[in-house]
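These notes are about the structure you will find just below.
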Amino acid sequence: MIPGTYLPTEYLPILIMLLFATGFGVVTLWVGRFFRLRRPYAEKLIAYESGNPPSAPPRFRFSIKFYLIAILFVVFDVEAIFLYPWALVYDKIGIFAVVEMFLFIFLLLVGYAYAWRKEALEWER
Amino acid sequence: MADWQIDLIKVVFIWVWALLIAVVMTWVERRASAMMQDRLGPNRAGPFGLLQPLADGIKLFTKEDIIPERARKILFILGPPLFALPAFSAYAVVPFGDKIVLGGKEIILQVSDVNIGFLYVLALGAIGVYGMVIGGWASNSKYSILGGLRATAQLISYEVPMGLALLTIVLLYGTFSLREIVLQQQGTFLGFLPNWGFFKQPLGFIIFMVAAYAEANRVPFDLPECESELVTGYHTEYGSMRLGLYLFGEYVNMGTLAAITVSLFFGGWGLPYVDMSRFLGPVSYGIASFFVFFLKQAFFLFLFVWVRWTVPRFRYDQLMGLGWKALIPLGLINLFITALLVQLTT
């Protein structure tokens, strides 16, 4: 194939699908404007807190655990991304693919064991 | 007919189909829940309450649209469409039938057979998180923010085992094209078992199923929106059609996950032991293959409801423990074994 001549036409229907999805979201929200009431008042517009006025601003400091999960996710998801092309051509590379990738996964398992040991995977500690 | 017209018809067809499944599913869920709890469920609107989804739709459409004063307005508006969009778009690569011959032209029953369909589905699944996080954050309510945080942590945690389970499928079939994967699942192996991913990857299937329920926010993993403690979490502050889009996106998401399960693990449109194309005409074969696919998908949709009333909700630390300390090691072991087996048998 000559570089620059490839037109990804098989993605055109997907583009149409995306346009449909966007259109659906926009149209349903927009058309409803003509049918619905709009009578806002102060009590109706406050944030819901079981009927009481909100006791404090909602931007509280949340647990560090969520950050930890995010960092672990980056490590393991990038690992999975590296594994996808490997899996795709696996039977074409032969024994080399097995050894290389097992080495890679083993190194990651060392990291996983470390995280486990340091109790990074425990939610309550 | 020109190619683009065929494409357009397929897009419209699958679009209406996705909508219908989501709409009917709301009714099925309520009726089946009622059945399992020995009560009647919605039975006023139409025969067997079949018009209930329509009534709900009208209600959501005409309800007052409230944007709380403290909400971040632009993000608040952006949240629900952002959640519904990826759910719908994932349908574009689902092979919902084999092929049909119309007017001497062979049409494959799939909106587009892209060679990375597999990655496309995974990518869109990951984008769905944004809708929840943005919605939860922009609402500026305590319940919503907690729900949004929980949703993020849960969805990204379960994406890893899901990816590991699906890797084994790629290892087995050596392709990212969903149509190719389904084609390779026809026929039998060892003489009697259908050539399905489920029989070749039972452990992979279980890991995938658990992760799928977590990704769809379904019981037993519905912690981001548990009614009893977070008042439905990230969409507490939403009302009218904005809430409708969230609920709708969730049901479409379930439909997509069921369709992907069928395509990857249960042979898609094919019947085991029977080759339908041998005794059916080219047109009726196309329709029959679609119905087989639909029946399988319907079963997995029903399974979502069934599991909901069978398994109680997990605690949050149990949820995280299951994801990080059970499913990930299991997924890695499964990957090792599959890689070795593939190497030995080829």
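Residue names in the structure tokens use chain letters A, B, ... in the order shown, residue numbers from 1 in each chain, and ligand numbers from 1 in the order shown.
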Checklist entry - Which residues come within 10 Å of B:Asp317, counting only C-alpha atoms, excluding same-chain residues fewer than 5 positions away, as an MDAnalysis selection string? => result (chainID A and resid 121:124) or (chainID B and resid 322:323)
Next on the checklist: So that I can see what lies close to stretch 169-172 of chain B, please list as a PyMOL selection string the residues with an atom at most 9 Å from it, counting only C-alpha atoms and leaving out residues fewer than 2 positions away in the same chain.
Outcome noted: (chain A and resi 84+86-91) or (chain B and resi 118+165-167+174-176+181+197+200-201+204+264-265+335+338-339+342)
Using the selection just defined, write its residues with C-alpha atoms as a CSV table (one decimal), in the first residue's frame.
```csv
chain,number,residue,atom,x,y,z
A,84,TYR,CA,-2.5,-6.7,23.8
A,86,TRP,CA,1.7,-9.4,22.2
A,87,ALA,CA,-1.4,-11.5,22.4
A,88,LEU,CA,-2.4,-10.6,18.9
A,89,VAL,CA,0.8,-11.9,17.2
A,90,TYR,CA,1.5,-14.5,19.9
A,91,ASP,CA,1.4,-17.7,17.7
B,118,PHE,CA,-12.3,-5.3,20.5
B,165,ALA,CA,-9.6,-11.9,31.0
B,166,LEU,CA,-10.2,-10.6,27.5
B,167,LEU,CA,-6.5,-11.0,26.7
B,174,GLY,CA,-5.4,-14.1,17.3
B,175,THR,CA,-7.6,-11.2,16.2
B,176,PHE,CA,-9.2,-8.0,17.4
B,181,ILE,CA,-13.8,-14.1,16.7
B,197,GLY,CA,-15.0,-19.2,24.2
B,200,LYS,CA,-12.1,-22.9,26.2
B,201,GLN,CA,-11.9,-20.2,28.8
B,204,GLY,CA,-11.7,-16.2,31.9
B,264,LEU,CA,-16.7,-13.4,22.8
B,265,PHE,CA,-17.8,-16.4,24.9
B,335,LEU,CA,-3.1,-15.8,31.2
B,338,THR,CA,-3.6,-20.1,28.3
B,339,ALA,CA,-0.3,-18.9,26.8
B,342,VAL,CA,-1.7,-22.2,23.0
```
Item to check | stretch 36-47 of chain B surroundings by only C-alpha atoms, 12 Å radius, close-in-sequence under 3 positions cut, as a ChimeraX atom specification | outcome: /B:26-33,50-56,305-310
Filtering to C-alpha atoms, could you give me those residues as a PDB file, in the first residue's frame?
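And here's again.pdb as it stands now:
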```
ATOM      1  CA  THR B  26     -36.844  -1.450  32.203  1.00  0.00           C
ATOM      2  CA  TRP B  27     -40.165  -3.279  32.046  1.00  0.00           C
ATOM      3  CA  VAL B  28     -38.575  -6.746  32.235  1.00  0.00           C
ATOM      4  CA  GLU B  29     -36.522  -5.722  35.224  1.00  0.00           C
ATOM      5  CA  ARG B  30     -39.525  -4.498  37.181  1.00  0.00           C
ATOM      6  CA  ARG B  31     -41.772  -7.403  36.255  1.00  0.00           C
ATOM      7  CA  ALA B  32     -39.090 -10.008  36.923  1.00  0.00           C
ATOM      8  CA  SER B  33     -38.174  -8.355  40.229  1.00  0.00           C
ATOM      9  CA  LEU B  50     -46.257  -3.310  28.834  1.00  0.00           C
ATOM     10  CA  LEU B  51     -46.852   0.395  28.291  1.00  0.00           C
ATOM     11  CA  GLN B  52     -45.188   1.262  31.588  1.00  0.00           C
ATOM     12  CA  PRO B  53     -41.851   2.254  29.940  1.00  0.00           C
ATOM     13  CA  LEU B  54     -43.775   4.651  27.708  1.00  0.00           C
ATOM     14  CA  ALA B  55     -45.508   6.194  30.709  1.00  0.00           C
ATOM     15  CA  ASP B  56     -42.159   6.515  32.489  1.00  0.00           C
ATOM     16  CA  VAL B 305     -31.970  -9.112  36.873  1.00  0.00           C
ATOM     17  CA  TRP B 306     -31.660 -12.621  38.261  1.00  0.00           C
ATOM     18  CA  VAL B 307     -28.331 -11.876  39.945  1.00  0.00           C
ATOM     19  CA  ARG B 308     -29.751  -8.666  41.349  1.00  0.00           C
ATOM     20  CA  TRP B 309     -32.199 -10.551  43.566  1.00  0.00           C
ATOM     21  CA  THR B 310     -29.833 -13.414  44.369  1.00  0.00           C
TER      22      THR B 310
END
```
Item to check | Members of chain A assigned helix (DSSP H, G or I) by DSSP, as a PyMOL selection string | outcome: chain A and resi 9-34+42-45+65-88+90-93+95-117
Next on the checklist: With only C-alpha atoms considered, list every residue of chain A at most 8 Å from chain B, as an MDAnalysis selection string.
Outcome noted: chainID A and resid 10:11 13:14 16:18 21:22 25:26 28:29 32 35:40 44:49 58:59 66 69:70 73 76:77 80 83:84 87:91 94:95 98 102 121:124
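Nearest to B:Leu223 of all the residues B:Pro202, B:Gly267, B:Gly281, B:Pro312 is B:Pro312, counting only C-alpha atoms.
The space separating atom CA of B:Gly255 from atom CA of B:Leu301 comes to 6.6 Å.
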Checklist outcome for this item: One decimal place gives the atom CA of B:Thr232-atom CA of B:Phe304 separation as 18.4 Å
Checklist entry - Quick one, how far is atom CA of A:Pro57 from atom CA of B:Val129? => result 24.3 Å
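Taking only stretch 94-287 of chain B, the residues that DSSP calls strand (DSSP E) from the backbone come to Lys99, Ile100, Val101, Leu102, Lys105, Glu106, Ile107, Ile108, Thr188, Phe189, Leu193 and Pro194 of chain B.
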